>>> print(open('input_20.cif').read())   # mmCIF, C-alpha atoms
data_start
#
loop_
_atom_site.group_PDB
_atom_site.id
_atom_site.type_symbol
_atom_site.label_atom_id
_atom_site.label_comp_id
_atom_site.auth_asym_id
_atom_site.auth_seq_id
_atom_site.Cartn_x
_atom_site.Cartn_y
_atom_site.Cartn_z
ATOM 1 C CA MET A 4 64.246 76.910 63.175
ATOM 2 C CA ASN A 5 60.726 77.492 62.029
ATOM 3 C CA PHE A 6 60.433 81.045 60.760
ATOM 4 C CA LEU A 7 56.643 81.154 60.881
ATOM 5 C CA ILE A 8 56.458 80.105 64.520
ATOM 6 C CA VAL A 9 58.983 82.750 65.535
ATOM 7 C CA LEU A 10 57.210 85.351 63.402
ATOM 8 C CA ARG A 11 53.927 84.517 65.080
ATOM 9 C CA LYS A 12 55.516 84.957 68.494
ATOM 10 C CA GLU A 13 56.963 88.326 67.414
ATOM 11 C CA LEU A 14 53.620 89.550 66.089
ATOM 12 C CA MET A 15 51.867 88.505 69.292
ATOM 13 C CA GLU A 16 54.533 90.366 71.210
ATOM 14 C CA GLN A 17 53.886 93.495 69.109
ATOM 15 C CA GLY A 18 50.216 93.237 70.012
ATOM 16 C CA ARG A 19 50.723 92.399 73.692
ATOM 17 C CA THR A 20 53.023 95.357 74.293
ATOM 18 C CA TRP A 21 50.541 97.696 72.561
ATOM 19 C CA ARG A 22 53.131 98.554 69.937
ATOM 20 C CA PHE A 23 50.919 97.529 67.053
ATOM 21 C CA LEU A 24 48.160 99.715 68.451
ATOM 22 C CA ILE A 25 50.413 102.736 68.883
ATOM 23 C CA VAL A 26 51.772 102.696 65.343
ATOM 24 C CA ALA A 27 48.325 102.056 63.874
ATOM 25 C CA ALA A 28 46.649 104.760 65.948
ATOM 26 C CA VAL A 29 49.297 107.421 65.318
ATOM 27 C CA LEU A 30 49.560 106.865 61.580
ATOM 28 C CA ALA A 31 45.782 106.589 61.147
ATOM 29 C CA LEU A 32 45.386 109.784 63.148
ATOM 30 C CA PHE A 33 47.673 111.691 60.807
ATOM 31 C CA GLY A 34 46.074 110.066 57.786
ATOM 32 C CA LEU A 35 42.772 111.626 58.834
ATOM 33 C CA ALA A 36 44.189 114.871 60.171
ATOM 34 C CA SER A 37 46.315 115.755 57.131
ATOM 35 C CA PRO A 38 43.541 116.532 54.611
ATOM 36 C CA LEU A 39 41.492 118.226 57.322
ATOM 37 C CA LEU A 40 44.416 120.428 58.314
ATOM 38 C CA ALA A 41 45.039 121.279 54.668
ATOM 39 C CA LYS A 42 41.387 122.272 54.317
ATOM 40 C CA LEU A 43 41.263 124.414 57.437
ATOM 41 C CA THR A 44 44.700 126.087 57.424
ATOM 42 C CA PRO A 45 43.742 129.058 55.195
ATOM 43 C CA ASP A 46 40.676 129.762 57.348
ATOM 44 C CA LEU A 47 42.656 129.470 60.547
ATOM 45 C CA LEU A 48 45.186 131.919 59.175
ATOM 46 C CA LYS A 49 42.429 134.320 58.171
ATOM 47 C CA SER A 50 40.938 134.182 61.648
ATOM 48 C CA ILE A 51 44.094 135.646 63.186
ATOM 49 C CA PRO A 52 42.720 138.901 64.639
ATOM 50 C CA ASP A 53 45.392 141.404 63.588
ATOM 51 C CA MET A 54 45.748 140.248 60.023
ATOM 52 C CA PRO A 55 46.629 143.292 57.892
ATOM 53 C CA PRO A 56 43.874 144.109 55.421
ATOM 54 C CA GLY A 57 44.503 142.731 51.972
ATOM 55 C CA LEU A 58 46.698 139.899 53.200
ATOM 56 C CA ALA A 59 43.730 137.667 53.935
ATOM 57 C CA GLU A 60 42.668 137.815 50.304
ATOM 58 C CA MET A 61 46.121 136.726 49.229
ATOM 59 C CA ILE A 62 45.930 133.378 50.993
ATOM 60 C CA PRO A 63 45.033 130.888 48.264
ATOM 61 C CA PRO A 64 42.106 128.509 48.786
ATOM 62 C CA PRO A 65 43.166 124.980 49.767
ATOM 63 C CA THR A 66 43.577 122.386 47.036
ATOM 64 C CA LEU A 67 44.060 118.668 46.660
ATOM 65 C CA THR A 68 47.794 119.308 46.399
ATOM 66 C CA ASP A 69 47.866 120.737 49.931
ATOM 67 C CA ALA A 70 46.178 117.593 51.257
ATOM 68 C CA VAL A 71 48.743 115.296 49.628
ATOM 69 C CA VAL A 72 51.696 117.480 50.642
ATOM 70 C CA GLN A 73 50.450 117.551 54.235
ATOM 71 C CA TYR A 74 49.934 113.763 54.286
ATOM 72 C CA VAL A 75 53.392 112.994 52.906
ATOM 73 C CA LYS A 76 55.038 115.442 55.305
ATOM 74 C CA ASN A 77 53.319 113.976 58.368
ATOM 75 C CA MET A 78 53.946 110.368 57.340
ATOM 76 C CA ASN A 79 57.587 111.220 56.687
ATOM 77 C CA GLN A 80 58.082 112.703 60.153
ATOM 78 C CA PHE A 81 56.029 110.372 62.275
ATOM 79 C CA GLY A 82 56.654 107.209 60.273
ATOM 80 C CA ILE A 83 60.404 107.576 60.624
ATOM 81 C CA LEU A 84 60.137 108.553 64.290
ATOM 82 C CA LEU A 85 58.018 105.465 64.983
ATOM 83 C CA ALA A 86 60.339 103.247 62.921
ATOM 84 C CA LEU A 87 63.143 104.304 65.242
ATOM 85 C CA LEU A 88 61.171 104.023 68.473
ATOM 86 C CA MET A 89 59.657 100.651 67.652
ATOM 87 C CA SER A 90 62.862 99.041 66.387
ATOM 88 C CA MET A 91 65.478 100.342 68.796
ATOM 89 C CA GLY A 92 64.652 97.813 71.500
ATOM 90 C CA ALA A 93 64.121 94.875 69.158
ATOM 91 C CA VAL A 94 67.416 93.134 69.846
ATOM 92 C CA ALA A 95 69.018 95.332 72.523
ATOM 93 C CA GLN A 96 66.135 94.960 74.957
ATOM 94 C CA GLU A 97 66.164 91.175 74.651
ATOM 95 C CA LYS A 98 69.883 91.192 75.332
ATOM 96 C CA GLU A 99 69.388 93.457 78.364
ATOM 97 C CA ARG A 100 66.690 91.218 79.794
ATOM 98 C CA GLY A 101 68.433 88.012 78.897
ATOM 99 C CA THR A 102 65.453 86.756 76.924
ATOM 100 C CA ALA A 103 67.501 86.579 73.723
ATOM 101 C CA ALA A 104 69.787 83.981 75.271
ATOM 102 C CA MET A 105 66.759 82.067 76.542
ATOM 103 C CA MET A 106 65.089 82.119 73.180
ATOM 104 C CA LEU A 107 68.222 81.103 71.330
ATOM 105 C CA THR A 108 68.719 77.986 73.419
ATOM 106 C CA HIS A 109 65.859 76.688 71.349
ATOM 107 C CA PRO A 110 66.908 75.602 67.906
ATOM 108 C CA VAL A 111 66.244 79.057 66.481
ATOM 109 C CA SER A 112 69.065 80.266 64.368
ATOM 110 C CA ARG A 113 70.038 83.838 64.860
ATOM 111 C CA LEU A 114 69.192 84.647 61.266
ATOM 112 C CA VAL A 115 65.627 83.457 61.797
ATOM 113 C CA PHE A 116 65.474 85.486 65.009
ATOM 114 C CA LEU A 117 66.491 88.695 63.189
ATOM 115 C CA LEU A 118 64.397 88.095 60.093
ATOM 116 C CA ALA A 119 61.318 87.411 62.199
ATOM 117 C CA LYS A 120 61.844 90.671 64.057
ATOM 118 C CA PHE A 121 62.193 92.611 60.822
ATOM 119 C CA THR A 122 59.199 90.932 59.197
ATOM 120 C CA ALA A 123 56.992 91.535 62.239
ATOM 121 C CA LEU A 124 57.885 95.232 62.193
ATOM 122 C CA ALA A 125 57.276 95.327 58.432
ATOM 123 C CA VAL A 126 53.798 93.862 58.974
ATOM 124 C CA VAL A 127 53.057 96.417 61.714
ATOM 125 C CA PHE A 128 54.069 99.323 59.481
ATOM 126 C CA ALA A 129 52.338 97.969 56.381
ATOM 127 C CA VAL A 130 49.016 97.491 58.167
ATOM 128 C CA SER A 131 49.254 100.839 59.957
ATOM 129 C CA LEU A 132 50.176 102.752 56.829
ATOM 130 C CA GLY A 133 47.334 100.957 55.056
ATOM 131 C CA LEU A 134 44.900 102.288 57.674
ATOM 132 C CA ALA A 135 46.364 105.780 57.354
ATOM 133 C CA ALA A 136 46.048 105.625 53.571
ATOM 134 C CA VAL A 137 42.401 104.576 53.717
ATOM 135 C CA GLY A 138 41.693 107.380 56.197
ATOM 136 C CA CYS A 139 43.493 109.977 54.112
ATOM 137 C CA TRP A 140 41.838 108.823 50.904
ATOM 138 C CA TYR A 141 38.376 108.969 52.448
ATOM 139 C CA TYR A 142 38.781 112.374 54.101
ATOM 140 C CA THR A 143 40.325 113.798 50.935
ATOM 141 C CA LEU A 144 37.326 112.512 49.002
ATOM 142 C CA LEU A 145 34.926 114.203 51.422
ATOM 143 C CA LEU A 146 36.852 117.471 51.711
ATOM 144 C CA PHE A 147 38.323 117.839 48.228
ATOM 145 C CA GLU A 148 37.909 115.246 45.505
ATOM 146 C CA ALA A 149 38.857 111.635 44.869
ATOM 147 C CA LEU A 150 42.579 110.885 44.729
ATOM 148 C CA PRO A 151 43.673 108.644 41.847
ATOM 149 C CA TRP A 152 43.901 105.368 43.740
ATOM 150 C CA GLY A 153 46.619 103.694 41.676
ATOM 151 C CA PRO A 154 49.237 106.443 42.140
ATOM 152 C CA PHE A 155 48.106 106.905 45.737
ATOM 153 C CA LEU A 156 48.759 103.225 46.383
ATOM 154 C CA ALA A 157 52.185 103.598 44.783
ATOM 155 C CA LEU A 158 52.907 106.602 47.024
ATOM 156 C CA ASN A 159 52.141 104.536 50.096
ATOM 157 C CA GLY A 160 54.218 101.629 48.843
ATOM 158 C CA LEU A 161 57.209 103.931 48.372
ATOM 159 C CA MET A 162 56.742 105.428 51.825
ATOM 160 C CA LEU A 163 56.572 101.949 53.349
ATOM 161 C CA LEU A 164 59.849 101.061 51.651
ATOM 162 C CA ALA A 165 61.456 104.203 53.091
ATOM 163 C CA PHE A 166 60.191 103.315 56.585
ATOM 164 C CA LEU A 167 61.657 99.838 56.240
ATOM 165 C CA VAL A 168 65.082 101.312 55.504
ATOM 166 C CA TYR A 169 64.907 102.992 58.898
ATOM 167 C CA VAL A 170 63.554 99.847 60.570
ATOM 168 C CA ALA A 171 66.432 97.780 59.158
ATOM 169 C CA ALA A 172 69.044 100.409 60.048
ATOM 170 C CA THR A 173 67.683 100.661 63.599
ATOM 171 C CA LEU A 174 67.673 96.871 63.925
ATOM 172 C CA LEU A 175 71.358 96.920 63.027
ATOM 173 C CA CYS A 176 71.972 99.576 65.702
ATOM 174 C CA SER A 177 69.964 97.520 68.162
ATOM 175 C CA THR A 178 72.204 94.541 67.420
ATOM 176 C CA LEU A 179 75.397 96.547 67.813
ATOM 177 C CA ALA A 180 74.358 98.202 71.061
ATOM 178 C CA ARG A 181 74.324 96.623 74.495
ATOM 179 C CA SER A 182 71.353 98.641 75.716
ATOM 180 C CA GLN A 183 68.209 100.173 74.327
ATOM 181 C CA GLY A 184 69.401 103.699 75.077
ATOM 182 C CA ALA A 185 72.655 103.191 73.206
ATOM 183 C CA ALA A 186 70.706 101.701 70.288
ATOM 184 C CA ALA A 187 68.466 104.765 70.225
ATOM 185 C CA GLY A 188 71.479 107.094 70.168
ATOM 186 C CA LEU A 189 73.129 105.158 67.360
ATOM 187 C CA ALA A 190 69.927 105.004 65.356
ATOM 188 C CA PHE A 191 69.445 108.729 65.735
ATOM 189 C CA ALA A 192 72.964 109.289 64.413
ATOM 190 C CA VAL A 193 72.130 107.109 61.399
ATOM 191 C CA LEU A 194 68.941 109.099 60.873
ATOM 192 C CA LEU A 195 70.899 112.355 60.823
ATOM 193 C CA LEU A 196 73.497 110.830 58.511
ATOM 194 C CA LEU A 197 70.887 109.597 56.009
ATOM 195 C CA GLY A 198 69.106 112.949 56.197
ATOM 196 C CA GLY A 199 72.393 114.790 55.714
ATOM 197 C CA ILE A 200 73.370 112.740 52.672
ATOM 198 C CA GLY A 201 69.835 113.169 51.371
ATOM 199 C CA SER A 202 70.222 116.933 51.352
ATOM 200 C CA LEU A 203 73.366 116.902 49.198
ATOM 201 C CA PRO A 204 72.333 117.824 45.652
ATOM 202 C CA ARG A 205 74.201 115.028 43.906
ATOM 203 C CA LEU A 206 73.432 112.221 46.301
ATOM 204 C CA ARG A 207 69.811 112.929 47.144
ATOM 205 C CA GLU A 208 68.683 111.133 43.976
ATOM 206 C CA TYR A 209 69.912 107.922 45.593
ATOM 207 C CA MET A 210 68.547 108.295 49.106
ATOM 208 C CA PRO A 211 65.342 106.901 50.647
ATOM 209 C CA GLY A 212 64.104 110.436 51.362
ATOM 210 C CA ARG A 213 63.671 110.917 47.629
ATOM 211 C CA LEU A 214 60.979 108.193 47.637
ATOM 212 C CA PHE A 215 58.541 110.526 49.420
ATOM 213 C CA GLU A 216 59.006 113.118 46.710
ATOM 214 C CA TRP A 217 58.640 110.577 43.931
ATOM 215 C CA GLY A 218 55.455 109.265 45.535
ATOM 216 C CA SER A 219 53.798 112.659 45.762
ATOM 217 C CA ASP A 220 54.873 113.432 42.186
ATOM 218 C CA LEU A 221 53.098 110.255 41.094
ATOM 219 C CA VAL A 222 49.860 111.427 42.728
ATOM 220 C CA LEU A 223 50.077 115.091 41.737
ATOM 221 C CA GLY A 224 51.715 114.663 38.346
ATOM 222 C CA GLY A 225 55.058 116.017 37.206
ATOM 223 C CA GLY A 226 58.532 115.206 38.457
ATOM 224 C CA ASP A 227 60.814 112.371 37.466
ATOM 225 C CA PRO A 228 60.829 108.798 38.698
ATOM 226 C CA ALA A 229 63.616 107.956 41.124
ATOM 227 C CA TRP A 230 64.465 104.342 40.417
ATOM 228 C CA PRO A 231 68.011 104.726 41.803
ATOM 229 C CA ALA A 232 66.538 105.705 45.194
ATOM 230 C CA LEU A 233 64.359 102.598 45.087
ATOM 231 C CA TRP A 234 67.264 100.250 44.380
ATOM 232 C CA VAL A 235 69.502 101.953 46.932
ATOM 233 C CA SER A 236 66.757 101.626 49.544
ATOM 234 C CA LEU A 237 66.322 97.915 48.877
ATOM 235 C CA GLY A 238 70.113 97.554 48.965
ATOM 236 C CA LEU A 239 70.342 99.425 52.273
ATOM 237 C CA ILE A 240 67.730 97.141 53.830
ATOM 238 C CA ALA A 241 69.559 94.023 52.635
ATOM 239 C CA ALA A 242 72.939 95.402 53.732
ATOM 240 C CA ALA A 243 71.700 96.437 57.187
ATOM 241 C CA LEU A 244 70.086 93.050 57.814
ATOM 242 C CA THR A 245 73.150 91.152 56.581
ATOM 243 C CA ALA A 246 75.455 93.261 58.746
ATOM 244 C CA ALA A 247 73.157 92.739 61.737
ATOM 245 C CA TRP A 248 73.260 88.991 61.178
ATOM 246 C CA LEU A 249 77.047 88.846 60.799
ATOM 247 C CA ILE A 250 77.495 90.779 64.039
ATOM 248 C CA PHE A 251 74.775 88.998 65.971
ATOM 249 C CA ARG A 252 76.162 85.604 64.947
ATOM 250 C CA ARG A 253 79.387 86.229 66.839
ATOM 251 C CA GLN A 254 77.924 88.030 69.788
ATOM 252 C CA GLU A 255 78.088 86.560 73.285
ATOM 253 C CA LEU A 256 74.632 86.715 74.803
ATOM 254 C CA MET B 16 35.030 131.481 55.675
ATOM 255 C CA PRO B 17 33.064 132.737 58.713
ATOM 256 C CA PRO B 18 33.158 130.709 61.954
ATOM 257 C CA GLU B 19 29.781 129.085 61.273
ATOM 258 C CA GLU B 20 31.265 127.513 58.183
ATOM 259 C CA ILE B 21 34.286 126.263 60.050
ATOM 260 C CA GLN B 22 31.876 124.549 62.419
ATOM 261 C CA GLN B 23 30.601 122.332 59.647
ATOM 262 C CA TYR B 24 33.969 120.602 59.724
ATOM 263 C CA LEU B 25 33.718 119.709 63.401
ATOM 264 C CA PRO B 26 32.319 116.220 62.732
ATOM 265 C CA PHE B 27 35.534 115.452 60.865
ATOM 266 C CA LEU B 28 37.456 116.055 64.074
ATOM 267 C CA ILE B 29 35.589 113.430 66.076
ATOM 268 C CA PRO B 30 37.422 110.305 64.800
ATOM 269 C CA ILE B 31 40.747 112.110 65.240
ATOM 270 C CA LEU B 32 39.918 113.026 68.831
ATOM 271 C CA ILE B 33 38.749 109.473 69.530
ATOM 272 C CA LEU B 34 42.072 108.082 68.306
ATOM 273 C CA GLN B 35 44.001 110.530 70.437
ATOM 274 C CA LEU B 36 41.871 109.829 73.504
ATOM 275 C CA GLY B 37 42.159 106.100 72.874
ATOM 276 C CA LEU B 38 45.939 106.282 72.996
ATOM 277 C CA MET B 39 45.795 108.321 76.164
ATOM 278 C CA VAL B 40 43.342 105.975 77.895
ATOM 279 C CA ALA B 41 45.370 102.919 76.867
ATOM 280 C CA ALA B 42 48.510 104.509 78.317
ATOM 281 C CA LEU B 43 46.689 105.489 81.529
ATOM 282 C CA LEU B 44 45.263 101.992 82.022
ATOM 283 C CA ASP B 45 48.690 100.490 81.493
ATOM 284 C CA LEU B 46 50.248 102.964 83.936
ATOM 285 C CA LEU B 47 47.677 102.262 86.642
ATOM 286 C CA ARG B 48 48.091 98.499 86.395
ATOM 287 C CA ARG B 49 51.865 98.528 86.287
ATOM 288 C CA GLU B 50 53.709 98.262 89.568
ATOM 289 C CA ARG B 51 56.996 99.713 88.482
ATOM 290 C CA THR B 52 57.853 102.258 85.864
ATOM 291 C CA ARG B 53 61.111 103.792 84.725
ATOM 292 C CA GLY B 54 61.084 106.970 86.787
ATOM 293 C CA PRO B 55 58.323 108.129 89.134
ATOM 294 C CA LYS B 56 54.781 107.207 88.293
ATOM 295 C CA TRP B 57 53.303 110.642 88.881
ATOM 296 C CA VAL B 58 55.652 112.173 86.297
ATOM 297 C CA TRP B 59 54.416 109.691 83.722
ATOM 298 C CA LEU B 60 50.854 110.534 84.663
ATOM 299 C CA LEU B 61 51.524 114.199 83.890
ATOM 300 C CA VAL B 62 53.375 113.359 80.678
ATOM 301 C CA ILE B 63 50.534 111.158 79.425
ATOM 302 C CA LEU B 64 47.872 113.689 80.330
ATOM 303 C CA PHE B 65 49.530 116.878 79.194
ATOM 304 C CA VAL B 66 52.002 116.109 76.427
ATOM 305 C CA ASN B 67 49.738 115.900 73.468
ATOM 306 C CA LEU B 68 49.969 112.684 71.471
ATOM 307 C CA LEU B 69 53.697 112.205 72.054
ATOM 308 C CA GLY B 70 53.197 111.687 75.807
ATOM 309 C CA PRO B 71 51.427 108.320 75.537
ATOM 310 C CA ILE B 72 53.821 107.167 72.790
ATOM 311 C CA VAL B 73 56.919 107.972 74.831
ATOM 312 C CA TYR B 74 55.384 106.262 77.854
ATOM 313 C CA PHE B 75 54.704 103.078 75.884
ATOM 314 C CA VAL B 76 58.176 103.023 74.411
ATOM 315 C CA VAL B 77 60.422 103.931 77.333
ATOM 316 C CA GLY B 78 58.299 104.339 80.453
ATOM 317 C CA ARG B 79 57.356 100.759 81.089
ATOM 318 C CA LYS B 80 59.397 98.317 83.085
ATOM 319 C CA ASP B 81 58.879 94.610 82.734
ATOM 320 C CA GLU B 82 57.500 92.746 85.652
#
>>> encode(input="input_20.cif", output="structure tokens")
Amino acid sequence: MNFLIVLRKELMEQGRTWRFLIVAAVLALFGLASPLLAKLTPDLLKSIPDMPPGLAEMIPPPTLTDAVVQYVKNMNQFGILLALLMSMGAVAQEKERGTAAMMLTHPVSRLVFLLAKFTALAVVFAVSLGLAAVGCWYYTLLLFEALPWGPFLALNGLMLLAFLVYVAATLLCSTLARSQGAAAGLAFAVLLLLGGIGSLPRLREYMPGRLFEWGSDLVLGGGDPAWPALWVSLGLIAAALTAAWLIFRRQEL
Amino acid sequence: MPPEEIQQYLPFLIPILILQLGLMVAALLDLLRRERTRGPKWVWLLVILFVNLLGPIVYFVVGRKDE
């Protein structure tokens, strides 16, 4: 029943299976690469041999904005991809292997089991995104200028929240599915659904995808806050975890 | 910016390359020590070596089979 003991086991598992390392390495890599890519892109474009004369002069010099835009874009893509990949097996794989049944013969309630999984993944993503943020901040300082650290912190907090929506949704899929592959398929469908809703003009204000935009607006100035997206995201996380628990509670292992 | 000036940014690439290599080496070590993988081992070797960045990640996530 002890949440902390189960959480500790989950975190050790994340380390032992190299998952912690993968998420940290990939996000840190893009944290460093984003400002560098922003800095070098205009020069790389200019070095294309058959560039028509005059066009090269039209490419604007890179700015701080490009670095932030690049960072948010890469975190958006790879963060969500990793959220899916790292969470899809969380419950399904333990059901496949039979370790869930073994674990739950101990007095661990299924709620604790699920919450520990979610919290462990949240820790993995928070630490990894923290590393990426430090890397991005430092490279941006060297290549451009210092980013305002308060808004930059807020940007990363909002991105973390968006990742956790996908972690929670994938955990739900992992609970529903009998196998890891099926969980991955389901989670991918959810990803497309959330992305689809997020591109509708009226509804996008309420979707987690809007958090990335809000975050970069905070750093670069301009734009409106998107509190509805924040509340909806928190609500989605709570709803996905509750649904996962209600289903998991009745499931034969 | 002439090529000489682009070169001044090369040191910035080193940590990025180290991270990428680190992932690849970790995946290779895991592959070599593992007795069974999902699908043939030599395919995973090629995937890890030649699919940039995503290769090692995909191997870690779906390639491994528990012993």
>>> resolve_selection(input="input_20.cif", expression="the PyMOL selection byres ((chain A) within 10 of (chain B))", output="number ranges by chain")
A: 20-22, 24-29, 31-36, 39, 42-43, 45-47, 49-50, 85, 88-89, 91-92, 100, 142, 145-146, 183-184
>>> resolve_selection(input="input_20.cif", expression="the PyMOL selection byres ((chain A and resi 149) around 12)", output="list in words")
Pro38, Thr66, Leu67, Thr68, Ala70, Val71, Val137, Cys139, Trp140, Tyr141, Tyr142, Thr143, Leu144, Leu145, Leu146, Phe147, Glu148, Leu150, Pro151, Trp152, Gly153, Pro154, Phe155 and Val222 of chain A
>>> axis_aligned_box(input="input_20.cif", around="stretch 22-35 of chain B", padding_each_side="8 Å", output="lines of an AutoDock Vina configuration file")
center_x = 37.3
center_y = 116.3
center_z = 65.0
size_x = 29.4
size_y = 32.5
size_z = 26.8
>>> residues_around(input="input_20.cif", residues="A:Pro211", least_positions_apart="3", cutoff="9 Å", atoms="all atoms listed in the file", output="PDB file with C-alpha atoms, in the coordinates of the input")
ATOM      1  CA  LEU A 161      57.209 103.931  48.372  1.00  0.00           C
ATOM      2  CA  MET A 162      56.742 105.428  51.825  1.00  0.00           C
ATOM      3  CA  LEU A 164      59.849 101.061  51.651  1.00  0.00           C
ATOM      4  CA  ALA A 165      61.456 104.203  53.091  1.00  0.00           C
ATOM      5  CA  PHE A 166      60.191 103.315  56.585  1.00  0.00           C
ATOM      6  CA  VAL A 168      65.082 101.312  55.504  1.00  0.00           C
ATOM      7  CA  LEU A 197      70.887 109.597  56.009  1.00  0.00           C
ATOM      8  CA  GLY A 201      69.835 113.169  51.371  1.00  0.00           C
ATOM      9  CA  ARG A 207      69.811 112.929  47.144  1.00  0.00           C
ATOM     10  CA  GLU A 208      68.683 111.133  43.976  1.00  0.00           C
ATOM     11  CA  LEU A 214      60.979 108.193  47.637  1.00  0.00           C
ATOM     12  CA  PHE A 215      58.541 110.526  49.420  1.00  0.00           C
ATOM     13  CA  ALA A 232      66.538 105.705  45.194  1.00  0.00           C
ATOM     14  CA  LEU A 233      64.359 102.598  45.087  1.00  0.00           C
ATOM     15  CA  VAL A 235      69.502 101.953  46.932  1.00  0.00           C
ATOM     16  CA  SER A 236      66.757 101.626  49.544  1.00  0.00           C
TER      17      SER A 236
END
>>> resolve_selection(input="input_20.cif", expression="the PyMOL selection byres ((chain A and resi 106) around 12)", output="JSON list (two decimals) with C-alpha atoms, keeping the file's coordinate frame")
[["chain", "number", "residue", "atom", "x", "y", "z"],
["A", 4, "MET", "CA", 64.25, 76.91, 63.18],
["A", 9, "VAL", "CA", 58.98, 82.75, 65.54],
["A", 12, "LYS", "CA", 55.52, 84.96, 68.49],
["A", 13, "GLU", "CA", 56.96, 88.33, 67.41],
["A", 94, "VAL", "CA", 67.42, 93.13, 69.85],
["A", 97, "GLU", "CA", 66.16, 91.18, 74.65],
["A", 98, "LYS", "CA", 69.88, 91.19, 75.33],
["A", 100, "ARG", "CA", 66.69, 91.22, 79.79],
["A", 101, "GLY", "CA", 68.43, 88.01, 78.90],
["A", 102, "THR", "CA", 65.45, 86.76, 76.92],
["A", 103, "ALA", "CA", 67.50, 86.58, 73.72],
["A", 104, "ALA", "CA", 69.79, 83.98, 75.27],
["A", 105, "MET", "CA", 66.76, 82.07, 76.54],
["A", 107, "LEU", "CA", 68.22, 81.10, 71.33],
["A", 108, "THR", "CA", 68.72, 77.99, 73.42],
["A", 109, "HIS", "CA", 65.86, 76.69, 71.35],
["A", 110, "PRO", "CA", 66.91, 75.60, 67.91],
["A", 111, "VAL", "CA", 66.24, 79.06, 66.48],
["A", 112, "SER", "CA", 69.06, 80.27, 64.37],
["A", 113, "ARG", "CA", 70.04, 83.84, 64.86],
["A", 115, "VAL", "CA", 65.63, 83.46, 61.80],
["A", 116, "PHE", "CA", 65.47, 85.49, 65.01],
["A", 256, "LEU", "CA", 74.63, 86.72, 74.80]]
>>> residues_around(input="input_20.cif", residues="B:Leu64", least_positions_apart="5", cutoff="9 Å", atoms="all atoms listed in the file", output="number ranges by chain")
B: 39, 43, 59, 70-71
>>> atom_distance(input="input_20.cif", atom1="atom CA of A:Ala171", atom2="atom CA of A:Leu156")
22.5 Å
>>> atom_distance(input="input_20.cif", atom1="atom CA of A:Ser37", atom2="atom CA of A:Asp53")
26.5 Å
>>> residues_around(input="input_20.cif", residues="A:Ala241", least_positions_apart="4", cutoff="12 Å", atoms="all atoms listed in the file", output="mmCIF file with C-alpha atoms, in the coordinates of the input")
data_model
loop_
_atom_site.group_PDB
_atom_site.id
_atom_site.type_symbol
_atom_site.label_atom_id
_atom_site.label_comp_id
_atom_site.auth_asym_id
_atom_site.auth_seq_id
_atom_site.Cartn_x
_atom_site.Cartn_y
_atom_site.Cartn_z
ATOM 1 C CA LEU A 118 64.397 88.095 60.093
ATOM 2 C CA PHE A 121 62.193 92.611 60.822
ATOM 3 C CA LEU A 167 61.657 99.838 56.240
ATOM 4 C CA VAL A 168 65.082 101.312 55.504
ATOM 5 C CA TYR A 169 64.907 102.992 58.898
ATOM 6 C CA VAL A 170 63.554 99.847 60.570
ATOM 7 C CA ALA A 171 66.432 97.780 59.158
ATOM 8 C CA ALA A 172 69.044 100.409 60.048
ATOM 9 C CA LEU A 174 67.673 96.871 63.925
ATOM 10 C CA LEU A 175 71.358 96.920 63.027
ATOM 11 C CA TRP A 234 67.264 100.250 44.380
ATOM 12 C CA VAL A 235 69.502 101.953 46.932
ATOM 13 C CA SER A 236 66.757 101.626 49.544
ATOM 14 C CA LEU A 237 66.322 97.915 48.877
ATOM 15 C CA THR A 245 73.150 91.152 56.581
ATOM 16 C CA ALA A 246 75.455 93.261 58.746
ATOM 17 C CA ALA A 247 73.157 92.739 61.737
ATOM 18 C CA TRP A 248 73.260 88.991 61.178
#
>>> atom_distance(input="input_20.cif", atom1="atom CA of A:Cys176", atom2="atom CA of A:Leu117")
12.4 Å
>>> residues_near_point(input="input_20.cif", point="(51.1, 95.0, 60.8)", cutoff="9 Å", atoms="all atoms listed in the file", output="tab-separated table (two decimals) with C-alpha atoms, in the coordinates of the input")
chain	number	residue	atom	x	y	z
A	14	LEU	CA	53.62	89.55	66.09
A	17	GLN	CA	53.89	93.50	69.11
A	23	PHE	CA	50.92	97.53	67.05
A	26	VAL	CA	51.77	102.70	65.34
A	27	ALA	CA	48.32	102.06	63.87
A	123	ALA	CA	56.99	91.54	62.24
A	124	LEU	CA	57.88	95.23	62.19
A	125	ALA	CA	57.28	95.33	58.43
A	126	VAL	CA	53.80	93.86	58.97
A	127	VAL	CA	53.06	96.42	61.71
A	128	PHE	CA	54.07	99.32	59.48
A	129	ALA	CA	52.34	97.97	56.38
A	130	VAL	CA	49.02	97.49	58.17
A	131	SER	CA	49.25	100.84	59.96
A	132	LEU	CA	50.18	102.75	56.83
